[in-house]
Every structure is written in structure tokens, then in C-alpha cells.
Amino acid sequence: MRSARIAILAGCIGCCASTALAEPAPGPAAVRKSARGDAAAFGAFVAALRPDALARGISPKTFEAAFRGVSGPDPAVLARIKGQGEFGRPVWEYLVGAVSPGRIARGRARGAALRATLAVIEARTGVPASIVLAFWGVESDFGASGGTVPTVRALATLAAARHRGDLFRDELLAALAILERGDIAPEAMRGSWAGAMGQVQFLPSTFLAHAVDFDGDGHRDIWTSEADALASIAAYLKDLGWNPNVAWGYAVRLPEAFDLARHAGDLSEFSRRGVRRVDGGSLPEAGAAALFLPGGAGGPVFLITDNFAVIRAYNTSDAYALAVGHLADRLAGGPPLAAPWPSGAARLDRAGLQALQRGLASEGLYSGEADGRAGPVLRDAVRRYQIREGLPADGYATPALRDRLARP
Ligand code: CA
């Protein structure tokens, strides 16, 4: 799951931008000294990379072309590393931005224009057109914003700074392999500051393993070919194990007095227990599902399937997966969410989540890190505590729960 771990970095550009401003800026002399050090480390890194690249079948010609005009690290990328983002933001803040009315309208128009292509892709991969479109929309606003940062320089900057160990060095070697195969010219290989490329925001290793030449011109072009971009998204999801028989999940309503403690089971069982889709459709007869209440018992409720985990493999984030799923529903003509999200006072920030994690750990209910990140592991721990205490088991972390756990 290495690609999933990197994808979170690549994909969080929109949700954790501009957090680097809290610390006082260093003086001009310190900046010059630091920049000289960065440039020296960069030069040494590229020189050491060359024999490794050549040993892996990269030709000297490709290597020279990739680094032509790249004499030092990208300062904007270095600034990004030094300003990592927040993790405590609630799911719905991301969701509201990612599934805006404008994006829904653009997505429907793009989907209509590309209907024939999407139909062939769906027939070949089993991934619904609406899901492919939604990924495309969230990753690059339907191809409009695939990123303009030169990928080789960005990856070399991250690798030379030893950001995340060897991860970006491996990605840089994968990027050189793509150039060696001639899928794209070095100057056109562009994307995000974190090395995610083109309309689909694939890291180079993901590209090598999953990208597709759908339009048949001999190049896997996720930068300028919409057909290649869409087919590559679908191929990746198919390879990750997309199940064509169920949706990503379903926005649902629960009946009165529903027992939240029984939160996982078969879709048919949820039907029998009175769970109904918000859009009026019926739930499939077969397939495993689990309840997901990202805003607690008063907010929107979802039944998520194994395909939700497939989306999280593309980018390990509940907010991201929910945004893709809900955008897909809206692009297919589905209704808005049926319940409101909680107000600001009803949620925990990162420090609050850490306190909750420590409280749950002291009760023997949580064994992960106290990292302040919400996700399936914390949700399960909260639910176990709620069940033990006889509380509504929605798995949602609240200030009240934190306070209750902090009491002696
Ligand atoms: Ca092509």
C-alpha cells in the first residue's frame, strides 16, 4: 500500500495549503546560507542518482534531458515541506468545497460531452462513469488544474531533502522510466508540488503500474488526453479491487430507535432493519456494508461498502473518499445530503482528538498513536467505548466524550 501512503501527500494540497505562516521568518543572511546548503545538497543528490538511474536502464540522453535547466531545488516545494498541514479538520469542510454547485454543474457538462468514452471505459472495467468523473473532478477539476510544477524538479527537491526517506527518490526513478519510454516530454511532465502528475494526479510509480493508452496513439498521456486520463483512473480502481456490483456507499436514513451498535452487516440485513436510501432507490441484495456517521447521529448517515476502502486506497482520507462518492452521486443526478452537519462547537480539533485518543488508550480501547487524526481506527475505538457506556454508538468523537474520559 505504498502508493496509498504517498497519495495522501499528493492529494492533500487542496485541504492543507497555506499553513506555513505561523513562525517568524528567518533573516536574509540565514535564508541565503540555507539556500546555498540546499543547492549543494541538491547537486550532490543528482550526481549520486545518475549511476543508479543508468543501472536501471535510463539512458544518459534521457537523464540529461530530464535535468536540463534544473540546477537547484524548487524553493516553493521546500516551503511546502516546511509547512505541513493540519489533520484535525472535519470531513464536511473538505466535502463542501470539493462538491460545490459549480463543480457539480461542470461535471455534468463534461460527463455529457464524454458520454461515449465513459461508456466504453465502464464496460471494460466495471467502474461507473460517475465514479470516474468524480475522481477526475476532485483530482484536477475535470482536467482544468493538473498542476504546473515540473515533476522531475519537484521530486528531486523532495528526495534531496530526504523528505519521507527514500520514497521520493524511488518516485523520481519511476518518473525517469516514464521519460525513457517516451510517454511524455520532460518539459511537459508537470503536476503538484508533491509529484502527483496530470489530470489524474498519479505518482510516477502509480502511472507505471496502472496508466492506460486508451486513445491508441502509443502514449499513456494523463496530461493532455482526456480519454487516457479517464481510462487510467478506471484501470487503477479496477486494479485496486473495485466491486461493480455495489456502489461506493449509499446515503441513507435510519428508522426510529435504530441500534447503532450493530453497525456492520449485509446490505439485505440493513434493508430488513428499515434502513432506506435517501434517493429512494433500493439497496442491493448482497454485499457487505458498514454504517458511517462522519458528523455523529444527528448528521448525514452513510452505508459504506468495500468500494469505500478502494477509494481510500487512492487517497487515504475519509473526507476524500466521501467527497468522491457524494460527487459521483450528484453527477448521476442524486439529491443533496438529507441532514445538516454539526456546528463548530460540537467537534474536536486536533488537540482535542489527541486528548480523546489518550483517554481511550487509558481505558484499553485504543492502541494507535495519539496523532489527532480521525479515521476508521479511532471511530471503532469510540464506538466500543460508547457501547460499553450505553451511549448511542455512532463512533463520532465529540468534546463531551473527551471530557467524560478525562474525568477521574
Ligand atoms: Ca494515448
# chains A, B, ... in the order shown; residues from 1 in each chain; ligands from 1
>>> closest_atom_pairs(of="chain A", to="ligand 1", cutoff="12 Å", atoms="only C-alpha atoms and all ligand atoms", output="JSON lines")
{"residue": "A:Gly182", "atom": "CA", "partner": "ligand 1", "partner_atom_place_in_ligand_line": "1 (Ca)", "distance": 11.5}
{"residue": "A:Asp183", "atom": "CA", "partner": "ligand 1", "partner_atom_place_in_ligand_line": "1 (Ca)", "distance": 8.4}
{"residue": "A:Ile184", "atom": "CA", "partner": "ligand 1", "partner_atom_place_in_ligand_line": "1 (Ca)", "distance": 10.2}
{"residue": "A:Ala211", "atom": "CA", "partner": "ligand 1", "partner_atom_place_in_ligand_line": "1 (Ca)", "distance": 9.8}
{"residue": "A:Val212", "atom": "CA", "partner": "ligand 1", "partner_atom_place_in_ligand_line": "1 (Ca)", "distance": 7.4}
{"residue": "A:Asp213", "atom": "CA", "partner": "ligand 1", "partner_atom_place_in_ligand_line": "1 (Ca)", "distance": 4.1}
{"residue": "A:Phe214", "atom": "CA", "partner": "ligand 1", "partner_atom_place_in_ligand_line": "1 (Ca)", "distance": 5.6}
{"residue": "A:Asp215", "atom": "CA", "partner": "ligand 1", "partner_atom_place_in_ligand_line": "1 (Ca)", "distance": 4.7}
{"residue": "A:Gly216", "atom": "CA", "partner": "ligand 1", "partner_atom_place_in_ligand_line": "1 (Ca)", "distance": 5.2}
{"residue": "A:Asp217", "atom": "CA", "partner": "ligand 1", "partner_atom_place_in_ligand_line": "1 (Ca)", "distance": 4.7}
{"residue": "A:Gly218", "atom": "CA", "partner": "ligand 1", "partner_atom_place_in_ligand_line": "1 (Ca)", "distance": 5.6}
{"residue": "A:His219", "atom": "CA", "partner": "ligand 1", "partner_atom_place_in_ligand_line": "1 (Ca)", "distance": 4.3}
{"residue": "A:Arg220", "atom": "CA", "partner": "ligand 1", "partner_atom_place_in_ligand_line": "1 (Ca)", "distance": 4.6}
{"residue": "A:Asp221", "atom": "CA", "partner": "ligand 1", "partner_atom_place_in_ligand_line": "1 (Ca)", "distance": 5.1}
{"residue": "A:Ile222", "atom": "CA", "partner": "ligand 1", "partner_atom_place_in_ligand_line": "1 (Ca)", "distance": 8.1}
{"residue": "A:Trp223", "atom": "CA", "partner": "ligand 1", "partner_atom_place_in_ligand_line": "1 (Ca)", "distance": 9.9}
{"residue": "A:Thr224", "atom": "CA", "partner": "ligand 1", "partner_atom_place_in_ligand_line": "1 (Ca)", "distance": 9.0}
{"residue": "A:Ser225", "atom": "CA", "partner": "ligand 1", "partner_atom_place_in_ligand_line": "1 (Ca)", "distance": 6.4}
{"residue": "A:Glu226", "atom": "CA", "partner": "ligand 1", "partner_atom_place_in_ligand_line": "1 (Ca)", "distance": 9.1}
{"residue": "A:Ala227", "atom": "CA", "partner": "ligand 1", "partner_atom_place_in_ligand_line": "1 (Ca)", "distance": 7.6}
{"residue": "A:Asp228", "atom": "CA", "partner": "ligand 1", "partner_atom_place_in_ligand_line": "1 (Ca)", "distance": 5.5}
{"residue": "A:Ala229", "atom": "CA", "partner": "ligand 1", "partner_atom_place_in_ligand_line": "1 (Ca)", "distance": 8.9}
{"residue": "A:Leu230", "atom": "CA", "partner": "ligand 1", "partner_atom_place_in_ligand_line": "1 (Ca)", "distance": 11.1}
{"residue": "A:Ala231", "atom": "CA", "partner": "ligand 1", "partner_atom_place_in_ligand_line": "1 (Ca)", "distance": 10.0}
{"residue": "A:Ser232", "atom": "CA", "partner": "ligand 1", "partner_atom_place_in_ligand_line": "1 (Ca)", "distance": 10.3}
>>> select_by_dssp(residues="range 257-311 of chain A", states="helix (DSSP H, G or I)", output="ChimeraX atom specification")
/A:267-272,306-311
>>> closest_atom_pairs(of="range 284-397 of chain A", to="range 245-264 of chain A", cutoff="7 Å", atoms="only C-alpha atoms", output="tab-separated table")
residue	atom	partner	partner_atom	distance
A:Pro284	CA	A:Val246	CA	6.9
A:Gly287	CA	A:Val246	CA	6.9
A:Ala289	CA	A:Ala264	CA	5.9
A:Ala290	CA	A:Ala264	CA	4.2
A:Leu291	CA	A:His263	CA	5.3
A:Val301	CA	A:Val252	CA	5.6
A:Phe302	CA	A:Ala251	CA	4.5
A:Leu303	CA	A:Tyr250	CA	5.2
A:Ile304	CA	A:Gly249	CA	4.0
A:Thr305	CA	A:Gly249	CA	5.3
A:Asn307	CA	A:Trp248	CA	4.8
A:Phe308	CA	A:Trp248	CA	5.1
A:Gly325	CA	A:Trp248	CA	6.0
A:Ile387	CA	A:Ala261	CA	6.4
A:Pro392	CA	A:Leu260	CA	6.5
A:Ala393	CA	A:Leu260	CA	5.2
A:Asp394	CA	A:Leu260	CA	6.2
>>> closest_residue(among="A:Leu283, A:Leu155, A:Ala346, A:Leu267", to="Pro73 in chain A", atoms="only C-alpha atoms")
A:Leu155
>>> closest_residue(among="A:Glu187, A:Glu269, A:Asp141, A:Asp170", to="Gly69 in chain A", atoms="only C-alpha atoms")
A:Glu187
>>> residues_around(residues="Asn243 in chain A", least_positions_apart="4", cutoff="8 Å", atoms="only C-alpha atoms", output="list of chain:residue names")
A:Gly126, A:Val127, A:Lys238, A:Asp306, A:Asn307
>>> closest_residue(among="A:Arg50, A:Arg373, A:Arg110, A:Arg383", to="Phe292 in chain A", atoms="only C-alpha atoms")
A:Arg383
>>> atom_distance(atom1="CA of Arg407 in chain A", atom2="CA of Pro90 in chain A")
25.1 Å
>>> residues_around(residues="Ala109 in chain A", least_positions_apart="5", cutoff="12 Å", atoms="only C-alpha atoms", output="PyMOL selection string")
chain A and resi 102-104+114-115+133+137+142+331-332
>>> write_last_selection(atoms="N, CA, C and O atoms", output="short mmCIF file (atom, residue, chain, number, x, y, z; two decimals), in the first residue's frame")
data_model
loop_
_atom_site.label_atom_id
_atom_site.label_comp_id
_atom_site.auth_asym_id
_atom_site.auth_seq_id
_atom_site.Cartn_x
_atom_site.Cartn_y
_atom_site.Cartn_z
N GLY A 102 -20.90 24.58 -8.40
CA GLY A 102 -20.17 24.82 -9.66
C GLY A 102 -19.52 23.55 -10.18
O GLY A 102 -19.55 23.27 -11.38
N ARG A 103 -18.90 22.80 -9.27
CA ARG A 103 -18.24 21.57 -9.71
C ARG A 103 -19.26 20.54 -10.20
O ARG A 103 -19.02 19.84 -11.18
N ILE A 104 -20.40 20.47 -9.54
CA ILE A 104 -21.44 19.53 -9.99
C ILE A 104 -21.90 19.90 -11.41
O ILE A 104 -22.02 19.05 -12.28
N LEU A 114 -18.52 13.62 -22.83
CA LEU A 114 -17.64 12.45 -22.92
C LEU A 114 -18.40 11.14 -22.72
O LEU A 114 -17.81 10.11 -22.39
N ARG A 115 -19.70 11.18 -22.92
CA ARG A 115 -20.55 10.02 -22.58
C ARG A 115 -20.08 8.74 -23.27
O ARG A 115 -20.00 7.68 -22.64
N LEU A 133 -15.69 10.10 -13.31
CA LEU A 133 -15.84 11.56 -13.42
C LEU A 133 -15.56 12.26 -12.10
O LEU A 133 -14.92 13.31 -12.06
N GLY A 137 -12.86 15.04 -11.23
CA GLY A 137 -13.26 16.34 -10.70
C GLY A 137 -12.51 16.72 -9.45
O GLY A 137 -12.04 17.85 -9.29
N PHE A 142 -11.74 18.26 -13.35
CA PHE A 142 -12.03 17.76 -14.71
C PHE A 142 -10.96 18.17 -15.71
O PHE A 142 -11.26 18.59 -16.83
N LEU A 331 -23.39 13.78 -9.61
CA LEU A 331 -23.19 13.80 -11.07
C LEU A 331 -24.17 12.85 -11.76
O LEU A 331 -24.57 13.07 -12.89
N ALA A 332 -24.56 11.79 -11.04
CA ALA A 332 -25.52 10.85 -11.60
C ALA A 332 -26.96 11.30 -11.36
O ALA A 332 -27.90 10.56 -11.64
#
>>> atom_distance(atom1="CA of Ala154 in chain A", atom2="CA of Ala35 in chain A")
15.8 Å
>>> residues_around(residues="range 320-322 of chain A", least_positions_apart="5", cutoff="12 Å", atoms="only C-alpha atoms", output="compact mmCIF listing (two decimals) with N, CA, C and O atoms, in the first residue's frame")
# COMPACT_ATOMS: atom_id res chain seq x y z
N ALA A 7 -0.04 8.91 -1.83
CA ALA A 7 -1.14 9.64 -2.44
C ALA A 7 -1.77 10.63 -1.47
O ALA A 7 -2.27 11.66 -1.87
N ILE A 8 -1.70 10.33 -0.18
CA ILE A 8 -2.31 11.26 0.77
C ILE A 8 -1.57 12.59 0.72
O ILE A 8 -2.17 13.65 0.77
N GLY A 11 -2.51 14.25 -2.52
CA GLY A 11 -3.89 14.67 -2.62
C GLY A 11 -4.29 15.73 -1.62
O GLY A 11 -5.38 16.26 -1.70
N CYS A 12 -3.42 16.04 -0.65
CA CYS A 12 -3.88 16.94 0.40
C CYS A 12 -3.52 18.39 0.09
O CYS A 12 -3.61 19.24 0.95
N ILE A 13 -3.16 18.65 -1.14
CA ILE A 13 -2.77 20.01 -1.50
C ILE A 13 -3.92 20.98 -1.25
O ILE A 13 -3.74 22.04 -0.67
N GLY A 14 -5.10 20.57 -1.67
CA GLY A 14 -6.24 21.46 -1.52
C GLY A 14 -6.66 21.66 -0.08
O GLY A 14 -7.12 22.72 0.30
N CYS A 15 -6.45 20.62 0.77
CA CYS A 15 -7.02 20.70 2.11
C CYS A 15 -6.03 21.20 3.14
O CYS A 15 -6.40 21.50 4.25
N PRO A 90 -12.66 18.90 10.12
CA PRO A 90 -13.76 17.95 9.97
C PRO A 90 -14.00 17.61 8.50
O PRO A 90 -13.70 18.40 7.60
N VAL A 91 -14.56 16.42 8.32
CA VAL A 91 -14.85 15.88 6.99
C VAL A 91 -15.62 16.87 6.13
O VAL A 91 -15.33 17.07 4.96
N TRP A 92 -16.62 17.52 6.74
CA TRP A 92 -17.55 18.30 5.90
C TRP A 92 -16.96 19.60 5.37
O TRP A 92 -17.40 20.09 4.36
N GLU A 93 -15.94 20.13 6.04
CA GLU A 93 -15.33 21.34 5.48
C GLU A 93 -14.71 21.04 4.12
O GLU A 93 -14.82 21.81 3.18
N TYR A 94 -14.05 19.89 4.04
CA TYR A 94 -13.47 19.47 2.76
C TYR A 94 -14.58 19.13 1.75
O TYR A 94 -14.53 19.53 0.60
N LEU A 95 -15.59 18.43 2.24
CA LEU A 95 -16.68 17.97 1.37
C LEU A 95 -17.41 19.13 0.72
O LEU A 95 -17.70 19.11 -0.49
N VAL A 96 -17.70 20.17 1.49
CA VAL A 96 -18.46 21.32 0.97
C VAL A 96 -17.70 21.98 -0.18
O VAL A 96 -18.27 22.35 -1.20
N GLY A 97 -16.36 22.08 -0.03
CA GLY A 97 -15.56 22.67 -1.10
C GLY A 97 -15.41 21.76 -2.30
O GLY A 97 -15.44 22.22 -3.45
N ALA A 98 -15.27 20.47 -2.05
CA ALA A 98 -14.99 19.53 -3.13
C ALA A 98 -16.24 19.20 -3.95
O ALA A 98 -16.14 18.83 -5.11
N VAL A 99 -17.41 19.34 -3.34
CA VAL A 99 -18.67 19.03 -4.04
C VAL A 99 -19.51 20.30 -4.10
O VAL A 99 -20.62 20.35 -3.59
N ILE A 131 -18.31 7.60 -11.07
CA ILE A 131 -17.16 7.50 -10.15
C ILE A 131 -15.89 7.99 -10.83
O ILE A 131 -15.09 8.75 -10.26
N ALA A 134 -16.04 11.67 -11.00
CA ALA A 134 -15.87 12.29 -9.69
C ALA A 134 -14.39 12.35 -9.30
O ALA A 134 -13.91 13.36 -8.78
N PHE A 135 -13.66 11.27 -9.53
CA PHE A 135 -12.21 11.29 -9.27
C PHE A 135 -11.55 12.40 -10.08
O PHE A 135 -10.72 13.15 -9.58
N GLY A 137 -12.86 15.04 -11.23
CA GLY A 137 -13.26 16.34 -10.70
C GLY A 137 -12.51 16.72 -9.45
O GLY A 137 -12.04 17.85 -9.29
N VAL A 138 -12.36 15.77 -8.52
CA VAL A 138 -11.69 16.08 -7.25
C VAL A 138 -10.19 16.25 -7.47
O VAL A 138 -9.56 17.12 -6.86
N GLU A 139 -9.60 15.44 -8.35
CA GLU A 139 -8.14 15.49 -8.54
C GLU A 139 -7.69 16.72 -9.33
O GLU A 139 -6.63 17.28 -9.03
N TRP A 248 -20.21 2.87 -4.13
CA TRP A 248 -19.17 3.21 -3.15
C TRP A 248 -19.73 3.15 -1.73
O TRP A 248 -19.03 2.87 -0.76
N GLY A 249 -21.02 3.42 -1.68
CA GLY A 249 -21.75 3.53 -0.43
C GLY A 249 -23.09 4.15 -0.78
O GLY A 249 -23.37 4.45 -1.95
N TYR A 250 -23.94 4.34 0.23
CA TYR A 250 -25.28 4.87 -0.02
C TYR A 250 -25.62 5.86 1.08
O TYR A 250 -25.42 5.58 2.27
N ALA A 251 -26.09 7.04 0.68
CA ALA A 251 -26.64 7.97 1.66
C ALA A 251 -27.97 7.41 2.11
O ALA A 251 -28.83 7.10 1.28
N PHE A 292 -21.59 4.62 8.50
CA PHE A 292 -20.59 5.68 8.65
C PHE A 292 -21.33 6.96 8.94
O PHE A 292 -22.12 7.43 8.13
N LEU A 293 -21.10 7.51 10.15
CA LEU A 293 -21.77 8.75 10.57
C LEU A 293 -20.70 9.79 10.86
O LEU A 293 -20.34 10.04 12.00
N PRO A 294 -20.16 10.41 9.79
CA PRO A 294 -19.00 11.28 9.97
C PRO A 294 -19.29 12.53 10.79
O PRO A 294 -18.35 13.18 11.26
N PRO A 300 -25.58 13.55 8.46
CA PRO A 300 -25.79 12.62 7.36
C PRO A 300 -25.27 11.21 7.71
O PRO A 300 -24.26 11.07 8.39
N VAL A 301 -26.01 10.21 7.23
CA VAL A 301 -25.66 8.82 7.52
C VAL A 301 -25.38 8.09 6.21
O VAL A 301 -26.10 8.28 5.23
N PHE A 302 -24.34 7.28 6.20
CA PHE A 302 -23.97 6.52 5.01
C PHE A 302 -23.79 5.06 5.36
O PHE A 302 -23.38 4.72 6.46
N LEU A 303 -24.13 4.21 4.39
CA LEU A 303 -23.74 2.80 4.45
C LEU A 303 -22.59 2.66 3.47
O LEU A 303 -22.78 2.86 2.27
N ILE A 304 -21.40 2.35 3.94
CA ILE A 304 -20.25 2.26 3.04
C ILE A 304 -19.92 0.81 2.75
O ILE A 304 -20.07 -0.07 3.60
N THR A 305 -19.47 0.57 1.52
CA THR A 305 -19.14 -0.79 1.07
C THR A 305 -17.62 -0.94 0.97
O THR A 305 -16.87 -0.02 1.28
N ASP A 306 -17.18 -2.10 0.48
CA ASP A 306 -15.74 -2.31 0.30
C ASP A 306 -15.16 -1.32 -0.72
O ASP A 306 -13.96 -1.05 -0.73
N ASN A 307 -16.01 -0.80 -1.60
CA ASN A 307 -15.51 0.18 -2.58
C ASN A 307 -15.08 1.48 -1.91
O ASN A 307 -14.25 2.22 -2.46
N PHE A 308 -15.60 1.77 -0.73
CA PHE A 308 -15.14 2.95 0.01
C PHE A 308 -13.66 2.77 0.37
O PHE A 308 -12.87 3.72 0.28
N ALA A 309 -13.30 1.55 0.73
CA ALA A 309 -11.89 1.26 1.04
C ALA A 309 -11.03 1.37 -0.23
O ALA A 309 -9.86 1.76 -0.16
N VAL A 310 -11.59 1.03 -1.38
CA VAL A 310 -10.86 1.17 -2.65
C VAL A 310 -10.57 2.66 -2.90
O VAL A 310 -9.45 3.03 -3.27
N ILE A 311 -11.56 3.51 -2.66
CA ILE A 311 -11.33 4.96 -2.84
C ILE A 311 -10.27 5.45 -1.85
O ILE A 311 -9.39 6.23 -2.21
N ARG A 312 -10.34 4.95 -0.62
CA ARG A 312 -9.33 5.36 0.37
C ARG A 312 -7.92 4.88 0.00
O ARG A 312 -6.94 5.42 0.49
N ALA A 313 -7.84 3.83 -0.83
CA ALA A 313 -6.52 3.39 -1.28
C ALA A 313 -5.92 4.36 -2.28
O ALA A 313 -4.70 4.50 -2.40
N TYR A 314 -6.79 5.04 -3.03
CA TYR A 314 -6.33 6.10 -3.95
C TYR A 314 -5.79 7.26 -3.13
O TYR A 314 -4.77 7.87 -3.46
N ASN A 315 -6.44 7.56 -2.03
CA ASN A 315 -6.04 8.67 -1.17
C ASN A 315 -6.60 8.40 0.23
O ASN A 315 -7.81 8.44 0.43
N LEU A 327 -19.88 13.25 -4.72
CA LEU A 327 -19.84 13.94 -6.02
C LEU A 327 -20.34 13.00 -7.12
O LEU A 327 -21.11 13.42 -8.00
N ALA A 328 -19.93 11.73 -7.06
CA ALA A 328 -20.40 10.77 -8.06
C ALA A 328 -21.93 10.67 -8.03
O ALA A 328 -22.59 10.66 -9.07
N ASP A 329 -22.49 10.61 -6.82
CA ASP A 329 -23.96 10.54 -6.70
C ASP A 329 -24.62 11.77 -7.31
O ASP A 329 -25.62 11.66 -8.04
N LEU A 337 -27.31 16.00 0.43
CA LEU A 337 -27.40 15.26 1.69
C LEU A 337 -28.64 15.70 2.46
O LEU A 337 -29.05 16.85 2.40
N GLY A 375 -10.30 8.70 11.84
CA GLY A 375 -10.29 7.66 10.80
C GLY A 375 -10.95 6.42 11.35
O GLY A 375 -11.50 6.43 12.46
>>> residues_around(residues="Ser71 in chain A", least_positions_apart="3", cutoff="10 Å", atoms="only C-alpha atoms", output="PyMOL selection string")
chain A and resi 39-40+42-43+46+67-68+74+153
>>> write_last_selection(atoms="N, CA, C and O atoms", output="PDB file, in the first residue's frame")
ATOM      1  N   ALA A  39      21.134  24.040  -2.232  1.00  0.00           N
ATOM      2  CA  ALA A  39      21.618  23.884  -3.607  1.00  0.00           C
ATOM      3  C   ALA A  39      22.763  22.868  -3.665  1.00  0.00           C
ATOM      4  O   ALA A  39      22.822  22.037  -4.579  1.00  0.00           O
ATOM      5  N   ALA A  40      23.672  22.916  -2.670  1.00  0.00           N
ATOM      6  CA  ALA A  40      24.793  21.967  -2.646  1.00  0.00           C
ATOM      7  C   ALA A  40      24.277  20.546  -2.462  1.00  0.00           C
ATOM      8  O   ALA A  40      24.712  19.608  -3.150  1.00  0.00           O
ATOM      9  N   PHE A  42      21.410  19.429  -3.259  1.00  0.00           N
ATOM     10  CA  PHE A  42      20.675  19.052  -4.476  1.00  0.00           C
ATOM     11  C   PHE A  42      21.636  18.554  -5.555  1.00  0.00           C
ATOM     12  O   PHE A  42      21.420  17.507  -6.175  1.00  0.00           O
ATOM     13  N   GLY A  43      22.737  19.323  -5.756  1.00  0.00           N
ATOM     14  CA  GLY A  43      23.722  18.938  -6.764  1.00  0.00           C
ATOM     15  C   GLY A  43      24.341  17.582  -6.454  1.00  0.00           C
ATOM     16  O   GLY A  43      24.488  16.731  -7.343  1.00  0.00           O
ATOM     17  N   VAL A  46      21.788  14.762  -7.229  1.00  0.00           N
ATOM     18  CA  VAL A  46      21.615  14.433  -8.650  1.00  0.00           C
ATOM     19  C   VAL A  46      22.831  13.652  -9.168  1.00  0.00           C
ATOM     20  O   VAL A  46      22.689  12.679  -9.915  1.00  0.00           O
ATOM     21  N   PHE A  67      17.145  16.580 -16.566  1.00  0.00           N
ATOM     22  CA  PHE A  67      17.715  17.558 -15.630  1.00  0.00           C
ATOM     23  C   PHE A  67      18.243  18.814 -16.326  1.00  0.00           C
ATOM     24  O   PHE A  67      18.866  19.650 -15.687  1.00  0.00           O
ATOM     25  N   ARG A  68      17.975  18.936 -17.644  1.00  0.00           N
ATOM     26  CA  ARG A  68      18.416  20.137 -18.354  1.00  0.00           C
ATOM     27  C   ARG A  68      17.736  21.372 -17.750  1.00  0.00           C
ATOM     28  O   ARG A  68      16.513  21.415 -17.612  1.00  0.00           O
ATOM     29  N   ASP A  74      13.521  23.329  -6.001  1.00  0.00           N
ATOM     30  CA  ASP A  74      12.386  24.233  -6.211  1.00  0.00           C
ATOM     31  C   ASP A  74      12.035  24.868  -4.860  1.00  0.00           C
ATOM     32  O   ASP A  74      11.577  24.178  -3.946  1.00  0.00           O
ATOM     33  N   ARG A 153      11.874  18.143 -11.175  1.00  0.00           N
ATOM     34  CA  ARG A 153      12.484  19.054 -10.198  1.00  0.00           C
ATOM     35  C   ARG A 153      11.813  18.935  -8.833  1.00  0.00           C
ATOM     36  O   ARG A 153      12.480  18.951  -7.794  1.00  0.00           O
TER      37      ARG A 153
END
>>> residues_around(residues="range 398-406 of chain A", least_positions_apart="6", cutoff="6 Å", atoms="only C-alpha atoms", output="ChimeraX atom specification")
/A:347-348,356,359
>>> closest_residue(among="A:Met189, A:Arg358, A:Pro376, A:Ser145", to="Thr316 in chain A", atoms="only C-alpha atoms")
A:Pro376
